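Coordinates as given in start_16.cif (mmCIF, C-alpha atoms and all ligand atoms):
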```cif
data_entry
#
loop_
_atom_site.group_PDB
_atom_site.id
_atom_site.type_symbol
_atom_site.label_atom_id
_atom_site.label_comp_id
_atom_site.auth_asym_id
_atom_site.auth_seq_id
_atom_site.Cartn_x
_atom_site.Cartn_y
_atom_site.Cartn_z
ATOM 1 C CA MET A 1 -28.915 -15.301 8.838
ATOM 2 C CA LEU A 2 -26.758 -12.805 10.678
ATOM 3 C CA SER A 3 -26.735 -15.004 13.757
ATOM 4 C CA THR A 4 -25.650 -17.956 11.593
ATOM 5 C CA ILE A 5 -22.753 -15.920 10.258
ATOM 6 C CA LYS A 6 -21.886 -14.869 13.783
ATOM 7 C CA ASP A 7 -21.946 -18.507 14.912
ATOM 8 C CA MET A 8 -19.669 -19.488 12.055
ATOM 9 C CA LEU A 9 -17.193 -16.760 12.900
ATOM 10 C CA ASP A 10 -17.316 -17.414 16.627
ATOM 11 C CA LYS A 11 -17.221 -21.203 16.431
ATOM 12 C CA THR A 12 -13.543 -21.497 17.153
ATOM 13 C CA GLY A 13 -13.044 -18.077 18.643
ATOM 14 C CA LYS A 14 -11.470 -16.864 15.447
ATOM 15 C CA PRO A 15 -12.526 -16.207 11.900
ATOM 16 C CA LEU A 16 -11.663 -19.203 9.749
ATOM 17 C CA LEU A 17 -11.396 -18.590 6.051
ATOM 18 C CA GLN A 18 -11.135 -21.890 4.359
ATOM 19 C CA GLU A 19 -13.797 -23.799 6.257
ATOM 20 C CA TYR A 20 -16.281 -21.428 4.673
ATOM 21 C CA GLY A 21 -14.911 -21.403 1.173
ATOM 22 C CA PHE A 22 -12.400 -18.552 1.266
ATOM 23 C CA GLN A 23 -9.124 -18.972 -0.545
ATOM 24 C CA THR A 24 -5.844 -19.315 1.154
ATOM 25 C CA PRO A 25 -3.720 -17.406 1.947
ATOM 26 C CA LEU A 26 -5.126 -14.354 3.660
ATOM 27 C CA ILE A 27 -2.892 -11.485 2.495
ATOM 28 C CA LEU A 28 -2.637 -8.158 4.300
ATOM 29 C CA TYR A 29 -1.000 -4.972 3.106
ATOM 30 C CA TYR A 30 0.199 -1.971 5.043
ATOM 31 C CA HIS A 31 2.085 1.187 4.078
ATOM 32 C CA ALA A 32 3.907 2.682 7.060
ATOM 33 C CA VAL A 33 4.094 2.087 10.814
ATOM 34 C CA SER A 34 5.166 5.106 12.842
ATOM 35 C CA ASP A 35 4.823 6.676 16.277
ATOM 36 C CA SER A 36 5.200 10.142 14.717
ATOM 37 C CA LYS A 37 3.019 12.273 12.512
ATOM 38 C CA LEU A 38 4.080 11.816 8.895
ATOM 39 C CA PRO A 39 2.849 14.938 7.034
ATOM 40 C CA HIS A 40 3.247 13.246 3.650
ATOM 41 C CA ILE A 41 0.789 10.496 4.667
ATOM 42 C CA SER A 42 -1.351 11.782 7.511
ATOM 43 C CA HIS A 43 -4.000 13.452 5.290
ATOM 44 C CA LEU A 44 -4.364 10.503 2.930
ATOM 45 C CA TYR A 45 -5.009 7.472 5.118
ATOM 46 C CA LYS A 46 -4.439 6.114 8.600
ATOM 47 C CA TYR A 47 -1.356 4.200 9.539
ATOM 48 C CA LYS A 48 -0.628 2.250 12.709
ATOM 49 C CA ASP A 49 1.766 3.161 15.454
ATOM 50 C CA SER A 50 4.158 0.473 16.633
ATOM 51 C CA GLU A 51 1.922 -0.523 19.567
ATOM 52 C CA PHE A 52 -1.081 -1.257 17.328
ATOM 53 C CA PHE A 53 1.066 -2.926 14.686
ATOM 54 C CA ILE A 54 2.461 -5.240 17.360
ATOM 55 C CA LYS A 55 -1.106 -5.959 18.519
ATOM 56 C CA ASP A 56 -1.948 -6.980 14.936
ATOM 57 C CA LEU A 57 1.055 -9.284 14.830
ATOM 58 C CA ASN A 58 0.211 -10.799 18.202
ATOM 59 C CA TYR A 59 -3.265 -11.663 16.946
ATOM 60 C CA LEU A 60 -2.045 -12.941 13.575
ATOM 61 C CA GLN A 61 0.693 -15.083 15.104
ATOM 62 C CA ARG A 62 -1.795 -16.569 17.563
ATOM 63 C CA HIS A 63 -4.453 -17.423 14.999
ATOM 64 C CA TYR A 64 -2.698 -17.831 11.647
ATOM 65 C CA THR A 65 0.400 -19.428 10.156
ATOM 66 C CA LEU A 66 2.467 -16.567 8.799
ATOM 67 C CA ILE A 67 4.047 -17.672 5.530
ATOM 68 C CA SER A 68 6.884 -16.369 3.359
ATOM 69 C CA PRO A 69 6.508 -14.994 -0.194
ATOM 70 C CA ALA A 70 8.813 -17.925 -1.064
ATOM 71 C CA ASP A 71 5.983 -20.337 -0.196
ATOM 72 C CA LEU A 72 3.845 -18.769 -2.926
ATOM 73 C CA LEU A 73 6.756 -18.473 -5.378
ATOM 74 C CA GLN A 74 7.542 -22.160 -4.959
ATOM 75 C CA GLY A 75 3.885 -23.149 -5.190
ATOM 76 C CA LYS A 76 4.018 -24.922 -1.839
ATOM 77 C CA GLU A 77 0.896 -26.402 -0.391
ATOM 78 C CA LEU A 78 -0.267 -23.899 2.207
ATOM 79 C CA PRO A 79 -1.909 -24.556 5.555
ATOM 80 C CA ALA A 80 -5.568 -23.570 5.749
ATOM 81 C CA ASP A 81 -4.761 -20.685 8.069
ATOM 82 C CA ALA A 82 -1.908 -19.241 5.984
ATOM 83 C CA CYS A 83 -1.388 -15.494 6.102
ATOM 84 C CA LEU A 84 1.139 -13.313 4.272
ATOM 85 C CA LEU A 85 2.203 -9.762 5.133
ATOM 86 C CA THR A 86 3.073 -7.217 2.437
ATOM 87 C CA PHE A 87 4.010 -3.521 2.528
ATOM 88 C CA ASP A 88 3.513 -0.986 -0.281
ATOM 89 C CA ASP A 89 5.084 2.333 -1.295
ATOM 90 C CA GLY A 90 8.631 1.807 0.029
ATOM 91 C CA PHE A 91 8.536 4.272 2.908
ATOM 92 C CA ARG A 92 11.556 4.628 5.193
ATOM 93 C CA GLU A 93 9.553 3.145 8.083
ATOM 94 C CA CYS A 94 9.593 -0.216 6.265
ATOM 95 C CA SER A 95 13.293 -0.495 6.948
ATOM 96 C CA GLU A 96 13.487 1.406 10.237
ATOM 97 C CA VAL A 97 10.332 0.341 12.113
ATOM 98 C CA ILE A 98 8.609 -2.583 10.412
ATOM 99 C CA ALA A 99 11.555 -4.812 9.460
ATOM 100 C CA PRO A 100 13.122 -4.844 12.966
ATOM 101 C CA ILE A 101 9.760 -5.859 14.501
ATOM 102 C CA LEU A 102 9.238 -8.608 11.898
ATOM 103 C CA LEU A 103 12.801 -9.867 12.271
ATOM 104 C CA GLU A 104 12.450 -10.160 16.025
ATOM 105 C CA ARG A 105 9.399 -12.371 15.463
ATOM 106 C CA GLY A 106 10.839 -14.370 12.580
ATOM 107 C CA ILE A 107 8.175 -13.156 10.154
ATOM 108 C CA GLU A 108 9.013 -12.972 6.447
ATOM 109 C CA ALA A 109 7.289 -10.420 4.239
ATOM 110 C CA ALA A 110 7.362 -8.610 0.887
ATOM 111 C CA PHE A 111 8.018 -4.892 0.365
ATOM 112 C CA PHE A 112 6.913 -3.195 -2.875
ATOM 113 C CA LEU A 113 8.658 -0.036 -4.137
ATOM 114 C CA ASN A 114 8.215 2.638 -6.781
ATOM 115 C CA PRO A 115 11.564 3.069 -8.578
ATOM 116 C CA ALA A 116 10.719 6.750 -9.263
ATOM 117 C CA PHE A 117 10.756 7.496 -5.520
ATOM 118 C CA LEU A 118 13.503 5.155 -4.336
ATOM 119 C CA ASP A 119 16.389 7.127 -2.778
ATOM 120 C CA ASN A 120 14.066 10.118 -2.389
ATOM 121 C CA GLN A 121 14.485 11.293 -5.972
ATOM 122 C CA ASP A 122 10.903 12.549 -5.984
ATOM 123 C CA MET A 123 7.605 12.013 -4.175
ATOM 124 C CA TYR A 124 4.258 10.523 -5.268
ATOM 125 C CA PHE A 125 2.014 13.514 -6.006
ATOM 126 C CA ARG A 126 -0.658 12.516 -3.466
ATOM 127 C CA ASN A 127 1.966 12.503 -0.727
ATOM 128 C CA LYS A 128 2.774 16.044 -1.860
ATOM 129 C CA LEU A 129 -0.920 16.917 -1.557
ATOM 130 C CA SER A 130 -0.889 15.616 2.018
ATOM 131 C CA ILE A 131 2.039 17.926 2.810
ATOM 132 C CA LEU A 132 0.139 20.791 1.208
ATOM 133 C CA ILE A 133 -2.930 20.181 3.364
ATOM 134 C CA ASN A 134 -0.695 20.026 6.396
ATOM 135 C CA LEU A 135 0.943 23.341 5.517
ATOM 136 C CA MET A 136 -2.400 25.067 4.951
ATOM 137 C CA GLU A 137 -3.713 23.797 8.269
ATOM 138 C CA GLU A 138 -0.667 24.668 10.326
ATOM 139 C CA ASN A 139 0.436 28.002 8.874
ATOM 140 C CA GLU A 140 -0.983 31.408 8.127
ATOM 141 C CA TYR A 141 -0.352 32.505 4.575
ATOM 142 C CA THR A 142 -0.613 35.911 2.922
ATOM 143 C CA GLN A 143 -3.621 36.711 0.790
ATOM 144 C CA THR A 144 -1.367 36.830 -2.274
ATOM 145 C CA GLN A 145 -0.102 33.307 -1.666
ATOM 146 C CA LEU A 146 -3.620 32.036 -1.148
ATOM 147 C CA GLU A 147 -4.801 33.742 -4.312
ATOM 148 C CA CYS A 148 -1.966 32.129 -6.247
ATOM 149 C CA CYS A 149 -2.973 28.744 -4.860
ATOM 150 C CA ASN A 150 -6.534 29.541 -5.723
ATOM 151 C CA ALA A 151 -5.508 29.970 -9.341
ATOM 152 C CA ILE A 152 -4.258 26.397 -9.252
ATOM 153 C CA PHE A 153 -6.861 24.647 -7.126
ATOM 154 C CA PRO A 154 -10.629 24.885 -6.805
ATOM 155 C CA ASP A 155 -11.651 28.128 -5.082
ATOM 156 C CA LYS A 156 -12.841 26.367 -1.943
ATOM 157 C CA ILE A 157 -9.302 26.669 -0.612
ATOM 158 C CA VAL A 158 -9.367 30.420 0.007
ATOM 159 C CA THR A 159 -12.534 30.226 2.056
ATOM 160 C CA GLY A 160 -11.093 27.290 3.963
ATOM 161 C CA LYS A 161 -14.127 25.142 3.272
ATOM 162 C CA SER A 162 -13.512 21.494 2.506
ATOM 163 C CA LEU A 163 -9.882 22.313 2.174
ATOM 164 C CA LYS A 164 -8.798 18.725 2.238
ATOM 165 C CA GLU A 165 -11.397 17.535 -0.264
ATOM 166 C CA ALA A 166 -10.571 20.351 -2.671
ATOM 167 C CA ILE A 167 -6.865 19.597 -2.680
ATOM 168 C CA LEU A 168 -7.406 15.865 -2.941
ATOM 169 C CA THR A 169 -9.423 16.267 -6.149
ATOM 170 C CA ILE A 170 -6.161 16.840 -8.024
ATOM 171 C CA ASN A 171 -5.477 13.841 -10.231
ATOM 172 C CA HIS A 172 -2.416 12.182 -11.747
ATOM 173 C CA LYS A 173 -2.682 14.178 -15.011
ATOM 174 C CA GLU A 174 -2.544 17.448 -13.073
ATOM 175 C CA LYS A 175 0.143 16.305 -10.677
ATOM 176 C CA GLU A 176 2.432 19.289 -11.437
ATOM 177 C CA LYS A 177 -0.135 21.454 -9.619
ATOM 178 C CA ALA A 178 1.066 19.990 -6.334
ATOM 179 C CA ASP A 179 4.638 21.145 -7.054
ATOM 180 C CA ARG A 180 3.471 24.618 -8.073
ATOM 181 C CA ALA A 181 1.336 25.086 -4.957
ATOM 182 C CA LEU A 182 4.138 23.918 -2.642
ATOM 183 C CA GLU A 183 6.474 26.362 -4.363
ATOM 184 C CA ILE A 184 4.034 29.256 -3.931
ATOM 185 C CA LEU A 185 3.803 28.516 -0.214
ATOM 186 C CA GLY A 186 7.595 28.542 0.012
ATOM 187 C CA PHE A 187 7.898 24.842 0.782
ATOM 188 C CA ASP A 188 11.187 23.310 -0.263
ATOM 189 C CA LEU A 189 10.329 19.772 -1.346
ATOM 190 C CA LYS A 190 13.915 18.937 -2.239
ATOM 191 C CA GLU A 191 15.006 19.824 1.282
ATOM 192 C CA TYR A 192 12.148 17.741 2.773
ATOM 193 C CA LEU A 193 13.196 14.746 0.661
ATOM 194 C CA GLU A 194 16.821 15.179 1.708
ATOM 195 C CA LYS A 195 16.177 15.763 5.405
ATOM 196 C CA GLU A 196 13.129 13.632 6.157
ATOM 197 C CA LYS A 197 13.940 10.886 3.666
ATOM 198 C CA PRO A 198 10.340 9.640 3.433
ATOM 199 C CA TYR A 199 11.371 6.728 1.183
ATOM 200 C CA MET A 200 13.926 3.975 1.617
ATOM 201 C CA THR A 201 17.374 4.275 0.112
ATOM 202 C CA THR A 202 19.028 1.661 -2.102
ATOM 203 C CA GLU A 203 21.213 0.760 0.864
ATOM 204 C CA GLN A 204 18.190 0.168 3.104
ATOM 205 C CA VAL A 205 16.523 -2.019 0.474
ATOM 206 C CA ASN A 206 19.707 -4.054 0.096
ATOM 207 C CA GLU A 207 19.697 -4.495 3.857
ATOM 208 C CA LEU A 208 16.098 -5.801 3.729
ATOM 209 C CA ILE A 209 17.160 -8.312 1.079
ATOM 210 C CA SER A 210 20.132 -9.442 3.172
ATOM 211 C CA GLN A 211 17.753 -9.896 6.109
ATOM 212 C CA GLY A 212 15.688 -12.326 4.023
ATOM 213 C CA PHE A 213 12.804 -10.073 3.032
ATOM 214 C CA TYR A 214 11.357 -10.060 -0.491
ATOM 215 C CA ILE A 215 11.340 -6.963 -2.701
ATOM 216 C CA GLY A 216 9.011 -6.174 -5.564
ATOM 217 C CA SER A 217 7.771 -3.386 -7.789
ATOM 218 C CA HIS A 218 4.747 -1.200 -7.094
ATOM 219 C CA SER A 219 4.708 0.354 -10.637
ATOM 220 C CA ILE A 220 7.167 3.057 -11.680
ATOM 221 C CA ASP A 221 5.462 6.087 -10.139
ATOM 222 C CA HIS A 222 2.172 4.875 -8.684
ATOM 223 C CA ALA A 223 0.121 5.796 -11.774
ATOM 224 C CA PRO A 224 -3.645 5.052 -11.878
ATOM 225 C CA LEU A 225 -3.545 1.987 -14.135
ATOM 226 C CA ALA A 226 -7.281 1.956 -14.853
ATOM 227 C CA LYS A 227 -6.951 5.349 -16.557
ATOM 228 C CA LEU A 228 -4.070 4.284 -18.792
ATOM 229 C CA GLU A 229 -3.896 2.552 -22.173
ATOM 230 C CA PHE A 230 -2.710 -1.069 -22.092
ATOM 231 C CA THR A 231 0.817 -0.201 -23.331
ATOM 232 C CA GLU A 232 1.166 2.408 -20.587
ATOM 233 C CA GLN A 233 -0.103 -0.062 -17.977
ATOM 234 C CA TYR A 234 2.460 -2.536 -19.250
ATOM 235 C CA ASP A 235 5.295 -0.002 -19.069
ATOM 236 C CA GLU A 236 4.309 1.049 -15.530
ATOM 237 C CA MET A 237 4.123 -2.493 -14.188
ATOM 238 C CA ILE A 238 6.668 -4.441 -16.207
ATOM 239 C CA GLY A 239 9.021 -1.485 -16.719
ATOM 240 C CA GLY A 240 8.944 -0.898 -12.943
ATOM 241 C CA MET A 241 9.609 -4.588 -12.315
ATOM 242 C CA ASP A 242 12.566 -4.612 -14.742
ATOM 243 C CA MET A 243 14.089 -1.602 -12.963
ATOM 244 C CA ILE A 244 13.723 -3.159 -9.502
ATOM 245 C CA GLN A 245 14.945 -6.562 -10.622
ATOM 246 C CA ASP A 246 18.020 -5.115 -12.383
ATOM 247 C CA LYS A 247 18.924 -2.814 -9.529
ATOM 248 C CA PHE A 248 18.656 -5.413 -6.791
ATOM 249 C CA LYS A 249 19.613 -8.480 -8.857
ATOM 250 C CA LEU A 250 16.505 -10.350 -7.820
ATOM 251 C CA PRO A 251 16.029 -13.985 -8.849
ATOM 252 C CA TYR A 252 12.223 -13.529 -8.822
ATOM 253 C CA ARG A 253 9.682 -11.004 -10.166
ATOM 254 C CA ILE A 254 6.887 -9.943 -7.849
ATOM 255 C CA ALA A 255 4.774 -6.788 -8.053
ATOM 256 C CA SER A 256 1.773 -5.139 -6.439
ATOM 257 C CA LEU A 257 -0.831 -2.935 -8.087
ATOM 258 C CA PRO A 258 -0.543 0.750 -7.136
ATOM 259 C CA HIS A 259 -4.341 1.086 -6.794
ATOM 260 C CA ASN A 260 -7.309 -1.250 -6.816
ATOM 261 C CA ASP A 261 -8.012 -3.579 -9.726
ATOM 262 C CA ARG A 262 -11.242 -2.003 -10.934
ATOM 263 C CA ASN A 263 -11.466 -1.797 -14.762
ATOM 264 C CA LEU A 264 -8.340 -3.855 -15.381
ATOM 265 C CA GLU A 265 -8.975 -6.339 -18.179
ATOM 266 C CA GLY A 266 -7.928 -9.789 -19.349
ATOM 267 C CA GLN A 267 -5.185 -8.445 -21.611
ATOM 268 C CA PHE A 268 -3.582 -6.804 -18.575
ATOM 269 C CA TYR A 269 -3.772 -9.930 -16.382
ATOM 270 C CA ASN A 270 -2.409 -12.083 -19.213
ATOM 271 C CA ALA A 271 0.563 -9.761 -19.672
ATOM 272 C CA MET A 272 1.224 -9.728 -15.922
ATOM 273 C CA ARG A 273 1.039 -13.525 -15.717
ATOM 274 C CA ASN A 274 3.509 -13.839 -18.601
ATOM 275 C CA ASN A 275 5.990 -11.380 -17.138
ATOM 276 C CA LEU A 276 5.731 -11.749 -13.362
ATOM 277 C CA ASP A 277 6.019 -14.633 -10.922
ATOM 278 C CA LEU A 278 3.327 -13.179 -8.659
ATOM 279 C CA LEU A 279 1.011 -10.160 -8.780
ATOM 280 C CA PHE A 280 -0.627 -8.750 -5.652
ATOM 281 C CA GLY A 281 -3.646 -6.477 -5.667
ATOM 282 C CA GLY A 282 -5.817 -4.625 -3.280
ATOM 283 C CA HIS A 283 -9.219 -4.909 -1.692
ATOM 284 C CA GLY A 284 -10.356 -8.476 -1.604
ATOM 285 C CA LEU A 285 -10.060 -11.987 -0.276
ATOM 286 C CA ALA A 286 -10.553 -13.835 -3.565
ATOM 287 C CA HIS A 287 -7.516 -14.702 -5.680
ATOM 288 C CA LEU A 288 -7.289 -15.347 -9.425
ATOM 289 C CA ILE A 289 -4.835 -18.210 -9.179
ATOM 290 C CA LYS A 290 -4.723 -18.872 -12.930
ATOM 291 C CA TYR A 291 -3.320 -15.360 -13.390
ATOM 292 C CA LYS A 292 -1.010 -15.748 -10.361
ATOM 293 C CA TYR A 293 -2.971 -12.791 -8.998
ATOM 294 C CA TYR A 294 -3.530 -12.516 -5.238
ATOM 295 C CA ARG A 295 -5.854 -9.955 -3.656
ATOM 296 C CA ARG A 296 -5.158 -8.354 -0.296
ATOM 297 C CA VAL A 297 -6.940 -6.432 2.444
ATOM 298 C CA ASN A 298 -5.680 -3.389 4.345
ATOM 299 C CA PRO A 299 -6.197 -3.304 8.115
ATOM 300 C CA GLU A 300 -4.533 0.092 8.709
ATOM 301 C CA HIS A 301 -7.707 2.003 9.485
ATOM 302 C CA SER A 302 -8.868 -0.481 12.107
ATOM 303 C CA LYS A 303 -7.536 -0.537 15.648
ATOM 304 C CA ASN A 304 -8.714 -4.090 16.212
ATOM 305 C CA ILE A 305 -7.589 -6.563 13.602
ATOM 306 C CA ARG A 306 -9.928 -9.296 14.773
ATOM 307 C CA PHE A 307 -12.974 -7.057 14.221
ATOM 308 C CA PHE A 308 -11.503 -5.925 10.919
ATOM 309 C CA LEU A 309 -11.060 -9.470 9.644
ATOM 310 C CA GLU A 310 -14.421 -10.638 10.910
ATOM 311 C CA LYS A 311 -16.018 -7.756 9.059
ATOM 312 C CA GLN A 312 -14.186 -8.702 5.846
ATOM 313 C CA PHE A 313 -15.233 -12.337 6.161
ATOM 314 C CA GLY A 314 -18.759 -11.327 7.168
ATOM 315 C CA ILE A 315 -19.140 -9.174 4.076
ATOM 316 C CA CYS A 316 -17.993 -12.067 1.905
ATOM 317 C CA LEU A 317 -20.333 -14.497 3.599
ATOM 318 C CA VAL A 318 -23.266 -12.159 3.179
ATOM 319 C CA LYS A 319 -22.386 -11.743 -0.527
ATOM 320 C CA LYS A 320 -22.150 -15.503 -0.874
ATOM 321 C CA TYR A 321 -25.445 -16.389 0.764
ATOM 322 C CA PHE A 322 -27.735 -13.593 -0.467
HETATM 323 ZN ZN ZN A 401 0.661 2.327 -3.066
#
```

Please rewrite the model in this file as structure tokens.
Amino acid sequence: MLSTIKDMLDKTGKPLLQEYGFQTPLILYYHAVSDSKLPHISHLYKYKDSEFFIKDLNYLQRHYTLISPADLLQGKELPADACLLTFDDGFRECSEVIAPILLERGIEAAFFLNPAFLDNQDMYFRNKLSILINLMEENEYTQTQLECCNAIFPDKIVTGKSLKEAILTINHKEKEKADRALEILGFDLKEYLEKEKPYMTTEQVNELISQGFYIGSHSIDHAPLAKLEFTEQYDEMIGGMDMIQDKFKLPYRIASLPHNDRNLEGQFYNAMRNNLDLLFGGHGLAHLIKYKYYRRVNPEHSKNIRFFLEKQFGICLVKKYF
């Protein structure tokens, strides 16, 4: 069986989705692309540097037809090898690194933002946790500071064991703990937001729009939807969309889920379909067209996009045939 799958994938020298029953388009999502270490991201997930991002684009442009979000909005018939690029979280690198590369290649894309973090008003708490891990790894703190942190976090931190895991257990309900710990360690978050500007500004987003890119909402503050009541889910997604649409005077309403779609129910998808033009999700190749819901895959942790995609398709084929 495995050799059959391999033959199918290798037949044309590239993985073909639709010939084997996958839905079009293939949709990828990224967060940031940077040649520097980004302390607010580096302990959460991998991101590509510009060289590897360009390698991804080279491969995708060779083997796929890169489409615009407008093609989906207008319900155009898509080629079998259609592929769409999307970018979540609204980091500064979207405007400063990613957009110039895409523009040079004539690639259209969608960028999804959290209104709570636009203009660097605040930071998503897990990005704060990444900064915290970075601080603990790179600095020596007094016993008193560590003991104070220990009062906030699990006691593994003081002994230095599983530091990262301990900090990353903090959840959305306890998000203030991240602020308190940063304060105890003398880290000035306000100054970091002002100086480093991890997120895009209104001006940068307006520039993306004038360059022909599409903008959407990524919930108000990146809340874990699966843990919320329906009304809260609605407020996060549709409230966030209203804010983004009003601010940027958008003639369309597109949004992406801030996390995966596990435990989201019919009532949620119905409400999204009735209030959005398109909804994008995470982790998957199968779309729920009747809900205008499109799943996406994230190639950021893989240095070779061809292997990454073949693995995704392989997993789906195995699921399909066994
Ligand atoms: Zn996100």

Open item on the list: Between A:Ala110, A:Ile131, A:Tyr269, A:Tyr192, which residue has the minimum interatomic distance to Ala70 in chain A, considering all atoms listed in the file?
Closed with: A:Ala110

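If you apply the PyMOL selection byres (((chain A and resi 187) around 12) and not hetatm) to this structure, you end up with A:Lys128, A:Ile131, A:Leu132, A:Asn134, A:Leu135, A:Met136, A:Asn139, A:Tyr141, A:Gln145, A:Ala178, A:Asp179, A:Arg180, A:Ala181, A:Leu182, A:Glu183, A:Ile184, A:Leu185, A:Gly186, A:Asp188, A:Leu189, A:Lys190, A:Glu191, A:Tyr192, A:Leu193.
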
- [ ] Name the closest residue to Leu26 in chain A among the candidates A:Ile98, A:Val205, A:Met243, A:Ala82; distances are taken between atoms, counting all atoms listed in the file.
- [x]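 Nearest to Leu26 in chain A: A:Ala82.
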
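Distance annotation: of A:Tyr64, A:Tyr214, A:Phe280, A:Phe268, the residue with the minimal separation from ligand ZN 401 (chain A) is A:Phe280; atom set is only C-alpha atoms and all ligand atoms.
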
Open item on the list: Expand the PyMOL selection byres (((chain A and resi 199) around 6) and not hetatm) into the explicit residue set it covers here, and present it as an NGL selection string.
Closed with: :A and (90-92 or 120 or 197-198 or 200)

Missing atoms in range 134-152 of chain A: can you complete it with N, CA and C atoms, as a PDB file, keeping the file's coordinate frame?
```pdb
ATOM      1  N   ASN A 134      -1.327  19.801   5.098  1.00  0.00           N
ATOM      2  CA  ASN A 134      -0.695  20.026   6.396  1.00  0.00           C
ATOM      3  C   ASN A 134      -0.200  21.469   6.535  1.00  0.00           C
ATOM      4  N   LEU A 135       0.427  21.961   5.487  1.00  0.00           N
ATOM      5  CA  LEU A 135       0.943  23.341   5.517  1.00  0.00           C
ATOM      6  C   LEU A 135      -0.198  24.338   5.681  1.00  0.00           C
ATOM      7  N   MET A 136      -1.264  24.133   4.919  1.00  0.00           N
ATOM      8  CA  MET A 136      -2.400  25.067   4.951  1.00  0.00           C
ATOM      9  C   MET A 136      -3.060  25.057   6.328  1.00  0.00           C
ATOM     10  N   GLU A 137      -3.068  23.891   6.949  1.00  0.00           N
ATOM     11  CA  GLU A 137      -3.713  23.797   8.269  1.00  0.00           C
ATOM     12  C   GLU A 137      -2.845  24.378   9.383  1.00  0.00           C
ATOM     13  N   GLU A 138      -1.545  24.281   9.211  1.00  0.00           N
ATOM     14  CA  GLU A 138      -0.667  24.668  10.326  1.00  0.00           C
ATOM     15  C   GLU A 138      -0.053  26.050  10.203  1.00  0.00           C
ATOM     16  N   ASN A 139      -0.215  26.701   9.056  1.00  0.00           N
ATOM     17  CA  ASN A 139       0.436  28.002   8.874  1.00  0.00           C
ATOM     18  C   ASN A 139      -0.553  29.057   8.412  1.00  0.00           C
ATOM     19  N   GLU A 140      -0.168  30.313   8.651  1.00  0.00           N
ATOM     20  CA  GLU A 140      -0.983  31.408   8.127  1.00  0.00           C
ATOM     21  C   GLU A 140      -0.269  31.943   6.903  1.00  0.00           C
ATOM     22  N   TYR A 141      -0.980  32.015   5.804  1.00  0.00           N
ATOM     23  CA  TYR A 141      -0.352  32.505   4.575  1.00  0.00           C
ATOM     24  C   TYR A 141      -0.918  33.861   4.185  1.00  0.00           C
ATOM     25  N   THR A 142      -0.144  34.602   3.374  1.00  0.00           N
ATOM     26  CA  THR A 142      -0.613  35.911   2.922  1.00  0.00           C
ATOM     27  C   THR A 142      -1.732  35.711   1.908  1.00  0.00           C
ATOM     28  N   GLN A 143      -2.528  36.767   1.748  1.00  0.00           N
ATOM     29  CA  GLN A 143      -3.621  36.711   0.790  1.00  0.00           C
ATOM     30  C   GLN A 143      -3.095  36.429  -0.620  1.00  0.00           C
ATOM     31  N   THR A 144      -1.933  37.021  -0.928  1.00  0.00           N
ATOM     32  CA  THR A 144      -1.367  36.830  -2.274  1.00  0.00           C
ATOM     33  C   THR A 144      -1.051  35.356  -2.513  1.00  0.00           C
ATOM     34  N   GLN A 145      -0.436  34.729  -1.504  1.00  0.00           N
ATOM     35  CA  GLN A 145      -0.102  33.307  -1.666  1.00  0.00           C
ATOM     36  C   GLN A 145      -1.374  32.479  -1.861  1.00  0.00           C
ATOM     37  N   LEU A 146      -2.376  32.802  -1.041  1.00  0.00           N
ATOM     38  CA  LEU A 146      -3.620  32.036  -1.148  1.00  0.00           C
ATOM     39  C   LEU A 146      -4.282  32.244  -2.506  1.00  0.00           C
ATOM     40  N   GLU A 147      -4.192  33.473  -2.998  1.00  0.00           N
ATOM     41  CA  GLU A 147      -4.801  33.742  -4.312  1.00  0.00           C
ATOM     42  C   GLU A 147      -4.063  32.978  -5.414  1.00  0.00           C
ATOM     43  N   CYS A 148      -2.741  32.909  -5.260  1.00  0.00           N
ATOM     44  CA  CYS A 148      -1.966  32.129  -6.247  1.00  0.00           C
ATOM     45  C   CYS A 148      -2.387  30.661  -6.206  1.00  0.00           C
ATOM     46  N   CYS A 149      -2.529  30.147  -4.999  1.00  0.00           N
ATOM     47  CA  CYS A 149      -2.973  28.744  -4.860  1.00  0.00           C
ATOM     48  C   CYS A 149      -4.361  28.577  -5.442  1.00  0.00           C
ATOM     49  N   ASN A 150      -5.167  29.599  -5.231  1.00  0.00           N
ATOM     50  CA  ASN A 150      -6.534  29.541  -5.723  1.00  0.00           C
ATOM     51  C   ASN A 150      -6.585  29.440  -7.243  1.00  0.00           C
ATOM     52  N   ALA A 151      -5.567  30.035  -7.880  1.00  0.00           N
ATOM     53  CA  ALA A 151      -5.508  29.970  -9.341  1.00  0.00           C
ATOM     54  C   ALA A 151      -5.211  28.537  -9.795  1.00  0.00           C
ATOM     55  N   ILE A 152      -4.627  27.770  -8.906  1.00  0.00           N
ATOM     56  CA  ILE A 152      -4.258  26.397  -9.252  1.00  0.00           C
ATOM     57  C   ILE A 152      -5.352  25.405  -8.869  1.00  0.00           C
TER      58      ILE A 152
END
```
